[in-house]
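Undergrad: Input work.txt, format and content: compact mmCIF, C-alpha atoms and all ligand atoms.
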# COMPACT_ATOMS: atom_id res chain seq x y z
CA MET A 1 -168.59 -133.32 102.12
CA GLU A 2 -171.07 -133.63 99.40
CA ASN A 3 -169.39 -136.40 97.41
CA THR A 4 -169.37 -138.73 100.44
CA THR A 5 -173.10 -139.05 99.95
CA ILE A 6 -172.69 -140.17 96.34
CA GLY A 7 -172.84 -143.90 96.01
CA LYS A 8 -171.01 -146.03 93.42
CA PRO A 9 -173.91 -146.35 90.97
CA MET A 10 -174.34 -142.62 91.04
CA LEU A 11 -170.63 -142.09 90.32
CA ALA A 12 -170.77 -144.54 87.45
CA SER A 13 -173.75 -142.72 86.00
CA ILE A 14 -172.04 -139.34 86.33
CA TRP A 15 -168.93 -140.78 84.73
CA THR A 16 -170.90 -142.20 81.79
CA THR A 17 -172.70 -138.90 81.36
CA LEU A 18 -169.39 -137.05 81.43
CA ARG A 19 -167.87 -139.43 78.90
CA LYS A 20 -170.89 -139.02 76.68
CA PHE A 21 -170.64 -135.29 77.12
CA ASP A 22 -166.91 -135.40 76.42
CA ALA A 23 -167.49 -137.48 73.28
CA LYS A 24 -170.22 -135.12 72.16
CA TYR A 25 -167.99 -132.17 72.96
CA ARG A 26 -165.08 -133.74 71.08
CA ASP A 27 -167.37 -134.56 68.20
CA PHE A 28 -168.62 -131.00 68.18
CA VAL A 29 -165.09 -129.57 68.30
CA GLU A 30 -163.73 -131.91 65.66
CA ASN A 31 -166.56 -131.48 63.23
CA ALA A 32 -167.16 -127.82 63.81
CA VAL A 33 -167.04 -125.46 60.87
CA LEU A 34 -165.56 -122.83 63.12
CA GLY A 35 -161.92 -123.11 64.03
CA ILE A 36 -161.64 -123.80 67.76
CA PHE A 37 -158.40 -123.40 69.65
CA GLN A 38 -156.49 -122.80 72.80
CA ALA A 39 -153.27 -120.81 72.69
CA THR A 40 -150.65 -119.43 75.06
CA VAL A 41 -149.94 -115.72 75.40
CA THR A 42 -146.44 -116.46 74.15
CA GLY A 43 -147.90 -117.40 70.78
CA GLN A 44 -148.24 -121.18 70.51
CA TYR A 45 -151.38 -123.18 69.84
CA ILE A 46 -152.00 -125.86 72.47
CA LYS A 47 -155.19 -127.29 71.01
CA VAL A 48 -156.77 -126.77 67.61
CA ASN A 49 -159.52 -128.59 65.75
CA GLN A 50 -159.58 -129.83 62.15
CA ALA A 51 -161.61 -126.83 60.99
CA LEU A 52 -158.87 -124.47 62.12
CA ALA A 53 -156.26 -126.61 60.37
CA ASP A 54 -158.43 -126.40 57.23
CA ILE A 55 -158.82 -122.65 57.50
CA TYR A 56 -155.06 -122.17 57.80
CA GLY A 57 -154.31 -124.73 55.07
CA TYR A 58 -152.73 -127.56 57.13
CA ASP A 59 -153.79 -131.19 56.69
CA SER A 60 -154.08 -131.90 60.41
CA PRO A 61 -154.24 -130.10 63.75
CA GLU A 62 -150.97 -131.82 64.72
CA ARG A 63 -149.13 -130.47 61.68
CA LEU A 64 -150.52 -126.99 62.36
CA MET A 65 -149.31 -127.04 65.95
CA ALA A 66 -145.89 -128.40 64.97
CA GLN A 67 -145.28 -125.86 62.24
CA LEU A 68 -146.94 -122.76 63.64
CA GLN A 69 -144.79 -121.99 66.66
CA ASN A 70 -144.91 -118.23 66.65
CA ILE A 71 -148.45 -116.99 66.10
CA PRO A 72 -147.76 -113.24 65.86
CA GLU A 73 -144.83 -113.54 63.45
CA GLN A 74 -145.88 -116.51 61.33
CA LEU A 75 -149.61 -115.96 61.20
CA TYR A 76 -150.56 -112.30 61.31
CA VAL A 77 -149.88 -110.08 58.32
CA GLN A 78 -149.42 -107.34 60.89
CA PRO A 79 -147.86 -108.98 63.96
CA SER A 80 -149.02 -106.01 66.08
CA ARG A 81 -152.61 -107.33 65.73
CA HIS A 82 -151.71 -110.18 68.10
CA GLU A 83 -150.44 -107.69 70.67
CA GLU A 84 -153.63 -105.66 70.30
CA LEU A 85 -155.72 -108.82 70.84
CA LEU A 86 -153.82 -109.68 74.04
CA LYS A 87 -154.09 -106.11 75.29
CA LEU A 88 -157.85 -106.16 74.77
CA LEU A 89 -158.09 -109.54 76.47
CA GLY A 90 -156.12 -108.19 79.46
CA GLU A 91 -158.58 -105.31 79.73
CA GLU A 92 -161.88 -106.98 78.81
CA LYS A 93 -161.33 -110.70 79.56
CA ALA A 94 -163.21 -111.54 76.38
CA VAL A 95 -163.05 -110.19 72.87
CA SER A 96 -165.53 -110.87 70.12
CA LYS A 97 -165.27 -110.56 66.35
CA PHE A 98 -161.68 -109.34 66.31
CA GLU A 99 -160.79 -109.16 62.62
CA SER A 100 -157.28 -109.58 61.20
CA GLN A 101 -155.52 -110.52 58.02
CA VAL A 102 -153.51 -113.72 58.37
CA TYR A 103 -151.31 -115.87 56.16
CA ARG A 104 -152.41 -119.38 55.29
CA ARG A 105 -149.72 -122.02 55.00
CA ASP A 106 -149.47 -121.28 51.23
CA ARG A 107 -148.96 -117.53 52.07
CA GLN A 108 -152.37 -116.66 50.73
CA ILE A 109 -153.86 -113.88 52.84
CA ILE A 110 -157.28 -114.44 54.38
CA ILE A 111 -159.38 -112.45 56.83
CA ILE A 112 -160.34 -114.07 60.11
CA SER A 113 -162.68 -113.09 62.90
CA GLU A 114 -161.64 -114.28 66.38
CA THR A 115 -163.97 -114.54 69.36
CA VAL A 116 -161.93 -115.44 72.44
CA ARG A 117 -161.82 -115.38 76.20
CA ALA A 118 -158.86 -115.10 78.54
CA ILE A 119 -157.34 -118.00 80.52
CA TYR A 120 -155.69 -117.17 83.84
CA ASP A 121 -153.39 -119.14 86.13
CA GLY A 122 -154.06 -119.59 89.85
CA ASN A 123 -152.44 -116.22 90.58
CA GLY A 124 -154.68 -114.34 88.19
CA ASN A 125 -152.02 -113.94 85.48
CA LEU A 126 -153.14 -114.09 81.89
CA THR A 127 -151.51 -117.22 80.49
CA GLY A 128 -153.53 -117.96 77.39
CA TYR A 129 -156.78 -117.61 75.51
CA GLU A 130 -159.27 -119.83 73.79
CA GLY A 131 -162.12 -119.42 71.42
CA THR A 132 -163.21 -119.61 67.82
CA ILE A 133 -161.88 -118.43 64.50
CA GLU A 134 -164.02 -117.89 61.44
CA ASP A 135 -162.76 -117.34 57.90
CA ILE A 136 -164.69 -114.23 56.78
CA THR A 137 -162.66 -113.50 53.64
CA GLU A 138 -165.48 -114.08 51.22
CA SER A 139 -168.16 -112.20 53.08
CA HIS A 140 -165.66 -109.45 53.80
CA LEU A 141 -164.67 -109.19 50.15
CA SER A 142 -168.24 -109.13 48.97
CA GLU A 143 -168.93 -106.48 51.57
CA ILE A 144 -165.92 -104.49 50.34
CA ALA A 145 -167.10 -104.95 46.74
CA LEU A 146 -170.58 -103.85 47.75
CA GLN A 147 -169.19 -100.83 49.61
CA ALA A 148 -167.00 -99.95 46.63
CA ALA A 149 -169.95 -100.27 44.24
CA LEU A 150 -172.07 -98.11 46.54
CA GLN A 151 -169.27 -95.58 46.89
CA THR A 152 -168.81 -95.39 43.11
CA ALA A 153 -172.54 -95.01 42.59
CA MET A 154 -172.65 -92.27 45.24
CA GLU A 155 -169.62 -90.48 43.77
CA LYS A 156 -171.27 -90.64 40.36
CA GLU A 157 -174.48 -89.20 41.75
CA LYS A 158 -172.50 -86.55 43.59
CA THR A 159 -170.55 -85.54 40.49
CA LYS A 160 -173.73 -85.62 38.46
CA GLY A 161 -175.48 -83.49 41.04
CA SER A 162 -172.68 -80.97 41.40
CA LEU A 163 -172.15 -80.81 37.66
CA ASP A 164 -175.83 -80.15 37.17
CA SER A 165 -175.96 -77.41 39.75
CA TYR A 166 -172.66 -76.09 38.40
CA SER A 167 -174.11 -76.10 34.87
CA VAL A 168 -177.16 -74.25 36.07
CA SER A 169 -175.12 -71.60 37.89
CA MET A 170 -172.79 -71.20 34.91
CA ILE A 171 -175.70 -70.79 32.50
CA CYS A 172 -177.27 -68.25 34.81
CA HIS A 173 -173.98 -66.40 35.06
CA GLU A 174 -173.53 -66.38 31.29
CA LEU A 175 -177.10 -65.27 30.69
CA ARG A 176 -176.85 -62.48 33.23
CA SER A 177 -174.48 -60.25 31.29
CA PRO A 178 -176.42 -60.16 27.97
CA LEU A 179 -179.64 -59.75 29.94
CA THR A 180 -178.11 -56.74 31.69
CA THR A 181 -177.11 -55.29 28.32
CA ILE A 182 -180.66 -55.75 27.04
CA LEU A 183 -182.16 -54.19 30.11
CA LEU A 184 -179.84 -51.17 30.05
CA SER A 185 -180.28 -50.63 26.32
CA THR A 186 -184.08 -50.90 26.42
CA ASN A 187 -184.15 -48.53 29.41
CA LEU A 188 -182.06 -45.99 27.55
CA LEU A 189 -184.21 -46.33 24.48
CA GLY A 190 -187.39 -46.07 26.49
CA ILE A 191 -186.52 -43.17 28.78
CA ASN A 192 -184.47 -41.05 26.44
CA SER A 193 -186.11 -42.05 23.24
CA PRO A 194 -187.05 -38.53 22.06
CA LEU A 195 -183.63 -37.23 23.08
CA ILE A 196 -181.32 -39.76 21.52
CA GLY A 197 -180.30 -39.57 17.92
CA GLU A 198 -180.94 -42.14 15.23
CA ALA A 199 -177.32 -43.36 15.28
CA ASP A 200 -177.43 -44.04 19.04
CA LYS A 201 -180.77 -45.79 18.72
CA LEU A 202 -179.27 -48.12 16.16
CA LYS A 203 -176.26 -48.69 18.41
CA TYR A 204 -178.48 -49.74 21.34
CA LEU A 205 -180.60 -51.90 19.08
CA ASP A 206 -177.45 -53.60 17.79
CA ARG A 207 -176.31 -54.23 21.34
CA ILE A 208 -179.67 -55.82 22.14
CA ARG A 209 -179.47 -57.98 19.05
CA ALA A 210 -175.94 -59.08 19.91
CA ALA A 211 -176.92 -59.87 23.49
CA VAL A 212 -179.94 -61.88 22.41
CA LYS A 213 -177.72 -63.69 19.95
CA SER A 214 -175.14 -64.59 22.56
CA MET A 215 -177.85 -65.90 24.90
CA ASN A 216 -179.34 -67.82 22.06
CA ASP A 217 -175.95 -69.34 21.25
CA LEU A 218 -175.47 -70.48 24.79
CA VAL A 219 -178.90 -72.04 24.99
CA GLU A 220 -178.45 -73.58 21.57
CA GLY A 221 -175.06 -74.92 22.63
CA PHE A 222 -176.67 -76.74 25.51
CA LEU A 223 -179.48 -77.99 23.34
CA VAL A 224 -176.90 -79.19 20.84
CA ILE A 225 -174.96 -81.10 23.48
CA GLY A 226 -178.19 -82.56 24.83
CA LYS A 227 -179.38 -83.50 21.36
CA ALA A 228 -176.02 -84.98 20.42
CA ASP A 229 -175.87 -86.97 23.65
CA ALA A 230 -179.31 -88.34 22.90
CA GLY A 231 -178.17 -89.21 19.34
CA ARG A 232 -180.81 -86.92 17.81
CA VAL A 233 -178.72 -84.81 15.41
CA GLU A 234 -179.58 -85.33 11.77
CA LEU A 235 -176.99 -84.11 9.28
CA GLN A 236 -178.18 -82.69 5.97
CA LYS A 237 -176.34 -82.16 2.72
CA VAL A 238 -175.86 -78.39 2.54
CA PRO A 239 -174.10 -76.26 -0.12
CA LEU A 240 -171.99 -73.58 1.57
CA ASP A 241 -170.38 -70.45 0.25
CA MET A 242 -167.49 -70.40 2.71
CA GLN A 243 -166.44 -66.84 2.03
CA LYS A 244 -169.89 -65.42 2.75
CA PHE A 245 -170.43 -67.75 5.69
CA CYS A 246 -167.15 -66.80 7.39
CA GLN A 247 -167.42 -63.06 6.75
CA GLU A 248 -170.89 -63.05 8.33
CA LEU A 249 -169.68 -65.00 11.32
CA TRP A 250 -166.74 -62.65 11.81
CA GLN A 251 -169.10 -59.66 11.75
CA GLU A 252 -171.23 -61.29 14.44
CA VAL A 253 -168.14 -62.01 16.55
CA GLN A 254 -167.00 -58.40 16.17
CA LEU A 255 -170.40 -57.17 17.19
CA VAL A 256 -170.58 -59.36 20.29
CA THR A 257 -167.04 -58.62 21.43
CA SER A 258 -166.57 -55.06 20.15
CA SER A 259 -163.35 -56.47 18.81
CA GLU A 260 -160.77 -54.27 17.19
CA HIS A 261 -158.71 -57.21 16.05
CA SER A 262 -157.80 -57.35 12.44
CA PHE A 263 -159.14 -60.31 10.57
CA ASP A 264 -156.90 -62.16 8.20
CA PHE A 265 -159.06 -64.51 6.19
CA ALA A 266 -157.69 -66.87 3.59
CA TYR A 267 -159.57 -69.60 1.81
CA ASN A 268 -159.31 -71.71 -1.27
CA CYS A 269 -162.73 -73.36 -1.28
CA GLY A 270 -165.64 -72.06 -3.35
CA THR A 271 -168.96 -73.59 -2.52
CA VAL A 272 -168.55 -76.80 -0.58
CA TYR A 273 -171.12 -79.51 0.07
CA LEU A 274 -171.07 -80.63 3.66
CA LEU A 275 -173.06 -83.20 5.48
CA THR A 276 -173.82 -80.90 8.34
CA ASP A 277 -176.07 -79.37 10.92
CA MET A 278 -175.87 -75.60 10.49
CA THR A 279 -176.28 -74.85 14.20
CA LEU A 280 -173.37 -77.13 14.99
CA LEU A 281 -171.22 -75.75 12.21
CA ARG A 282 -171.80 -72.20 13.44
CA GLN A 283 -170.89 -73.31 16.97
CA ILE A 284 -167.54 -74.59 15.74
CA PHE A 285 -166.55 -71.41 13.92
CA THR A 286 -168.05 -68.94 16.39
CA ASN A 287 -166.53 -70.48 19.51
CA LEU A 288 -163.05 -70.70 18.01
CA LEU A 289 -163.19 -67.12 16.71
CA LEU A 290 -164.64 -65.80 19.98
CA ASN A 291 -161.83 -67.46 21.95
CA ALA A 292 -159.18 -66.11 19.59
CA VAL A 293 -160.55 -62.62 20.21
CA LYS A 294 -161.06 -63.09 23.93
CA TYR A 295 -157.60 -64.48 24.63
CA SER A 296 -155.52 -62.06 22.57
CA PRO A 297 -154.98 -58.32 23.04
CA GLN A 298 -157.06 -55.82 21.09
CA GLY A 299 -155.53 -54.86 17.77
CA GLU A 300 -153.79 -58.21 17.26
CA LYS A 301 -154.39 -60.31 14.19
CA ILE A 302 -156.80 -63.24 14.07
CA HIS A 303 -156.08 -65.58 11.19
CA LEU A 304 -158.76 -67.79 9.72
CA GLN A 305 -157.59 -70.12 7.00
CA ILE A 306 -159.94 -72.44 5.23
CA HIS A 307 -158.55 -74.80 2.86
CA CYS A 308 -160.14 -77.65 0.97
CA GLN A 309 -158.28 -80.68 -0.25
CA ALA A 310 -159.56 -84.01 -1.53
CA ASN A 311 -162.54 -84.75 0.67
CA GLN A 312 -161.59 -82.56 3.61
CA MET A 313 -162.15 -79.01 4.67
CA ILE A 314 -159.40 -77.85 7.01
CA LEU A 315 -160.04 -74.77 9.04
CA ARG A 316 -157.37 -73.12 11.11
CA VAL A 317 -158.05 -70.37 13.66
CA GLN A 318 -154.85 -68.76 14.81
CA ASP A 319 -154.30 -65.95 17.28
CA GLU A 320 -151.29 -64.09 18.65
CA GLY A 321 -152.55 -64.09 22.20
CA ILE A 322 -151.71 -65.33 25.69
CA GLY A 323 -151.38 -69.01 24.74
CA ILE A 324 -152.27 -72.07 26.83
CA PRO A 325 -149.99 -73.61 29.49
CA PRO A 326 -148.80 -77.04 28.25
CA GLU A 327 -150.17 -78.79 31.37
CA ASN A 328 -153.69 -77.50 30.56
CA LEU A 329 -153.82 -78.71 26.98
CA SER A 330 -155.11 -82.21 27.67
CA GLY A 331 -158.20 -81.11 29.62
CA LEU A 332 -159.20 -78.29 27.30
CA PHE A 333 -162.16 -80.00 25.65
CA GLU A 334 -163.78 -81.11 28.93
CA PRO A 335 -166.91 -79.18 29.92
CA PHE A 336 -166.15 -76.33 32.35
CA TYR A 337 -162.40 -76.77 32.04
CA ARG A 338 -160.45 -73.51 31.99
CA ALA A 339 -156.70 -73.01 31.73
CA ASP A 340 -154.80 -71.62 34.72
CA ASN A 341 -153.81 -68.39 32.95
CA THR A 342 -157.38 -67.32 32.16
CA THR A 343 -158.97 -67.17 35.60
CA LYS A 344 -159.23 -63.37 35.36
CA ILE A 345 -160.98 -63.49 31.97
CA ALA A 346 -164.70 -64.30 32.04
CA GLY A 347 -165.71 -67.63 30.54
CA THR A 348 -167.68 -70.79 31.16
CA GLY A 349 -165.35 -73.47 29.86
CA LEU A 350 -168.16 -74.73 27.65
CA GLY A 351 -167.23 -73.41 24.21
CA LEU A 352 -164.58 -75.97 23.38
CA ALA A 353 -166.66 -78.85 24.78
CA ILE A 354 -169.41 -77.82 22.36
CA VAL A 355 -166.89 -77.49 19.50
CA LYS A 356 -165.46 -80.94 20.21
CA LYS A 357 -168.90 -82.54 20.33
CA ALA A 358 -169.90 -80.77 17.08
CA VAL A 359 -166.70 -81.88 15.34
CA GLU A 360 -167.24 -85.47 16.46
CA ILE A 361 -170.78 -85.46 15.12
CA HIS A 362 -169.36 -84.40 11.75
CA GLN A 363 -166.87 -87.31 11.95
CA GLY A 364 -164.12 -84.71 12.03
CA GLU A 365 -161.05 -84.04 14.07
CA ILE A 366 -159.80 -81.13 16.21
CA LEU A 367 -156.21 -80.31 17.20
CA VAL A 368 -154.67 -77.55 19.28
CA GLU A 369 -151.17 -76.13 19.29
CA SER A 370 -150.15 -73.36 21.61
CA GLU A 371 -147.20 -71.51 23.01
CA LEU A 372 -147.45 -69.29 26.08
CA GLY A 373 -147.20 -65.63 25.16
CA VAL A 374 -146.98 -66.44 21.45
CA GLY A 375 -150.41 -67.67 20.46
CA THR A 376 -152.75 -70.56 19.81
CA THR A 377 -153.89 -72.42 16.72
CA PHE A 378 -156.95 -74.65 16.56
CA THR A 379 -157.20 -76.89 13.52
CA VAL A 380 -160.48 -78.56 12.60
CA LYS A 381 -160.77 -81.13 9.84
CA LEU A 382 -164.24 -81.84 8.50
CA PRO A 383 -165.18 -84.22 5.71
CA ILE A 384 -166.79 -82.67 2.65
CA ILE A 385 -168.94 -84.40 0.08
CA SER A 386 -167.68 -82.34 -2.87
CA ASN A 387 -166.68 -78.79 -3.77
CA SER A 388 -167.52 -76.94 -6.91
P1 LIG B 1 -164.26 -70.27 27.98
O1 LIG B 1 -163.50 -69.49 26.96
O2 LIG B 1 -165.68 -69.84 28.12
O3 LIG B 1 -163.55 -70.34 29.29
P2 LIG B 1 -163.83 -72.62 26.29
O4 LIG B 1 -164.36 -74.00 26.47
O5 LIG B 1 -164.11 -71.95 25.00
O6 LIG B 1 -164.37 -71.80 27.51
O7 LIG B 1 -162.27 -72.69 26.47
C1 LIG B 1 -161.73 -73.44 27.55
C2 LIG B 1 -160.42 -72.80 28.00
O8 LIG B 1 -159.43 -72.99 27.00
C3 LIG B 1 -160.50 -71.32 28.22
O9 LIG B 1 -160.98 -71.00 29.50
C4 LIG B 1 -159.04 -70.91 28.04
O10 LIG B 1 -158.36 -71.13 29.24
C5 LIG B 1 -158.54 -71.88 26.99
N1 LIG B 1 -158.55 -71.32 25.64
C6 LIG B 1 -159.43 -71.60 24.65
N2 LIG B 1 -159.09 -70.95 23.52
C7 LIG B 1 -157.99 -70.24 23.79
C8 LIG B 1 -157.14 -69.36 23.04
N3 LIG B 1 -157.41 -69.10 21.75
N4 LIG B 1 -156.07 -68.84 23.66
C9 LIG B 1 -155.80 -69.12 24.93
N5 LIG B 1 -156.55 -69.93 25.71
C10 LIG B 1 -157.62 -70.49 25.16
Represent the structure of the file as structure tokens.

TA:
Amino acid sequence: MENTTIGKPMLASIWTTLRKFDAKYRDFVENAVLGIFQATVTGQYIKVNQALADIYGYDSPERLMAQLQNIPEQLYVQPSRHEELLKLLGEEKAVSKFESQVYRRDRQIIIISETVRAIYDGNGNLTGYEGTIEDITESHLSEIALQAALQTAMEKEKTKGSLDSYSVSMICHELRSPLTTILLSTNLLGINSPLIGEADKLKYLDRIRAAVKSMNDLVEGFLVIGKADAGRVELQKVPLDMQKFCQELWQEVQLVTSSEHSFDFAYNCGTVYLLTDMTLLRQIFTNLLLNAVKYSPQGEKIHLQIHCQANQMILRVQDEGIGIPPENLSGLFEPFYRADNTTKIAGTGLGLAIVKKAVEIHQGEILVESELGVGTTFTVKLPIISNS
């Protein structure tokens, strides 16, 4: 046998080396930053180092082993993780970086990463496992935070992207119908010009004007939102004859919509001085009147009440139309938002977003009241400088 050839001095030297190695090994285990352990498959620790005791919140390895007698139940937040670890060990013999949530002694939850190998008895049965445990809570949390930040940034980009392409397709859609009107009308005027009468010519020209106007409004609306978002709207003090202003707007609305609604206009303001931007002011009135027409049957009444008191001009646009479902009221002023009962009526969902923005720029306020099948009232309050 080989060891018969080993003399005493040699044995002593091997022994010393082993002791040194053992001491070094013990030193390494005891001072390691990683938790090092041996455990049985039945769920008890047999050996643990100080680092593991520290990770789990015990003052010594002895206390840890005395108090932690059932690893799956006492340690793992999900006891089934322990079963999964043993199953993997049975199949693979070694498992690395197996991550689980565990309870520290003070019930604080931490995340650990276990790298272990299987221990077998003489008959090849799995009896235990040994290896290292690392507390990865912090790095894991910062990774989660990083992932979350990335996810949010990506979502934002995605929404931004889809909103942009959505905006573009909506604008195109909205521009298409007035463009078609212009094309048809100019064709008719061009081809049949000698044959059509003066009255028809004027009718086609009016249609073209109305179509150009509606395209212009849409483009202006976007420019307005863009300008307002960039903080570039400058309000001017403007004297306004409300009666003239509203009658003109109503005529434009009638022209664009071919409305046969009757217009009930009441006002008590003469000329008012507003700190305003005329494009924005027109957007407010036009969009509310257009919606009142669009969402109520032909022939119904549209009421426009303008009423000045103290330093406020209160305008109320009321229709007797389809109304707005209560659950849709809160989202109404968001861009592209449309109520559930209007999916069959053409629209972009932009008008009220523009109105809201315009009202805000005027330091005003907008309110909506509606009842399904009865009608809708929008109330806008705008500050006035004075009325005379
Ligand atoms: P659009 O009319 O182009 O869809 P708006 O932003 O002007 O866009 O309006 C948003 C939504 O609010 C409309 O789609 C409609 O569902 C609802 N709405 C606005 N005004 C009225 C109204 N007077 N009566 C009923 N529903 C309305």

Undergrad: Within 6 Å of ligand LIG 1 (chain B), counting all atoms listed in the file: which residues, as a list in words?

TA: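 After applying the 6 Å limit, what remains is Asn291, Ala292, Tyr295, Ile322, Gly323, Ile324, Leu332, Tyr337, Arg338, Ala339, Thr342, Gly347, Thr348, Gly349, Leu350, Gly351, Leu352, Ala353 and Thr376 of chain A.
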
Undergrad: With a distance cut-off of 7 Å and all atoms listed in the file, select the neighbouring residues of region 72-87 of chain A, excluding the residue or stretch itself and same-chain residues fewer than 2 positions from it, and output the selection as a list of chain:residue names.

TA: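 Contacts, in chain order: A:Gly43, A:Leu68, A:Asn70, A:Leu89, A:Gly90, A:Glu91, A:Ser100, A:Gln101, A:Val102, A:Tyr103.
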
Undergrad: Taking all atoms of region 121-131 of chain A that the file lists, what box with edges along x, y and z, padded by 5 Å per side, do you get, with centre and edge lengths in Å to one decimal, as lines of an AutoDock Vina configuration file?

TA:
center_x = -156.8
center_y = -116.9
center_z = 81.0
size_x = 20.6
size_y = 15.9
size_z = 29.2

Undergrad: How far is it from CA of Ala358 (chain A) to CA of Ala228 (chain A), in Å with one decimal?

TA: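 We find that CA of Ala358 (chain A) and CA of Ala228 (chain A) lie 8.1 Å from each other.
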
Undergrad: Quick one: everything within 12 Å of Asn125 (chain A), counting all atoms listed in the file, minus sequence neighbours fewer than 6 positions away in the same chain. Send it as a list of chain:residue names.

TA: A:Thr40, A:Val41, A:Leu89, A:Gly90, A:Lys93, A:Ala118, A:Ile119

Undergrad: Find the residues near Val368 (chain A): any atom within 7 Å, counting all atoms listed in the file, skip ones fewer than 3 places away on the same chain, and give them as an mmCIF file with C-alpha atoms, keeping the file's coordinate frame.

TA:
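Listed below is the output, part.cif:
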data_model
loop_
_atom_site.group_PDB
_atom_site.id
_atom_site.type_symbol
_atom_site.label_atom_id
_atom_site.label_comp_id
_atom_site.auth_asym_id
_atom_site.auth_seq_id
_atom_site.Cartn_x
_atom_site.Cartn_y
_atom_site.Cartn_z
ATOM 1 C CA THR A 377 -153.890 -72.420 16.720
ATOM 2 C CA PHE A 378 -156.950 -74.650 16.560
ATOM 3 C CA THR A 379 -157.200 -76.890 13.520
#

Undergrad: So, with all atoms listed in the file as the atoms that count, which of A:Val272, A:Val380, A:Ala211, A:Ala53 lies closest to Thr257 (chain A)?

TA: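 The closest residue to Thr257 (chain A) is A:Ala211.
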
Undergrad: One decimal, Å: what's the distance from CA of Thr181 (chain A) over to CA of Lys244 (chain A), could you say?

TA: 28.4 Å

Undergrad: Do you have the CA of Leu249 (chain A)-CA of Glu198 (chain A) distance handy?

TA: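 Interatomic distance, CA of Leu249 (chain A) to CA of Glu198 (chain A): 25.8 Å.
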
Undergrad: As a tab-separated table (two decimals) with C-alpha atoms, keeping the file's coordinate frame, please: the residues near Arg207 (chain A) (cut-off 12 Å, only C-alpha atoms, same-chain neighbours under 6 positions excluded).

TA:
chain	number	residue	atom	x	y	z
A	177	SER	CA	-174.48	-60.25	31.29
A	178	PRO	CA	-176.42	-60.16	27.97
A	179	LEU	CA	-179.64	-59.75	29.94
A	180	THR	CA	-178.11	-56.74	31.69
A	181	THR	CA	-177.11	-55.29	28.32
A	182	ILE	CA	-180.66	-55.75	27.04
A	183	LEU	CA	-182.16	-54.19	30.11
A	184	LEU	CA	-179.84	-51.17	30.05
A	185	SER	CA	-180.28	-50.63	26.32
A	186	THR	CA	-184.08	-50.90	26.42
A	188	LEU	CA	-182.06	-45.99	27.55
A	189	LEU	CA	-184.21	-46.33	24.48
A	200	ASP	CA	-177.43	-44.04	19.04
A	201	LYS	CA	-180.77	-45.79	18.72
A	213	LYS	CA	-177.72	-63.69	19.95
A	214	SER	CA	-175.14	-64.59	22.56
A	252	GLU	CA	-171.23	-61.29	14.44
A	254	GLN	CA	-167.00	-58.40	16.17
A	255	LEU	CA	-170.40	-57.17	17.19
A	256	VAL	CA	-170.58	-59.36	20.29
A	257	THR	CA	-167.04	-58.62	21.43
A	258	SER	CA	-166.57	-55.06	20.15

Undergrad: Could you check the closest approach to Thr115 (chain A) for each of A:Gln243, A:Gln67, A:Ser262, A:Gln38 and tell me which residue wins, using only C-alpha atoms?

TA: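 Once distances to Thr115 (chain A) are computed over only C-alpha atoms, the minimum belongs to A:Gln38.
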
Undergrad: Can you tell me, as a ChimeraX atom specification, what residues are no more than 9 Å from Ala266 (chain A) when counting all atoms listed in the file, ignoring any on the same chain fewer than 3 positions away?

TA: /A:243,303-307

Undergrad: Nearest residue to Glu134 (chain A) out of A:Gly197, A:Gly364, A:Gly35, A:Pro297, using all atoms listed in the file?

TA: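 Among the listed residues, A:Gly35 lies closest to Glu134 (chain A).
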
Undergrad: Rank nothing, just name the residue among A:Gln44, A:Gln236, A:Thr343, A:Ser296 nearest to Gly373 (chain A), using all atoms listed in the file.

TA: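 Between A:Gln44, A:Gln236, A:Thr343, A:Ser296, the residue approaching Gly373 (chain A) most closely is A:Ser296.
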
Undergrad: Dig up all the protein and nucleic acid residues within 7 Å of (-164.8, -80.0, 24.2) in the file frame, using all atoms listed in the file, and format them as JSON, numbers by chain.

TA: {"A": [332, 333, 334, 335, 352, 353, 354, 355, 356, 357]}

Undergrad: Nearest to Gly231 (chain A) among A:Glu360, A:Tyr56, A:Ser113, A:Val48, with distances taken over all atoms listed in the file: which residue is it?

TA: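 Counting all atoms listed in the file, the residue closest to Gly231 (chain A) is A:Glu360.
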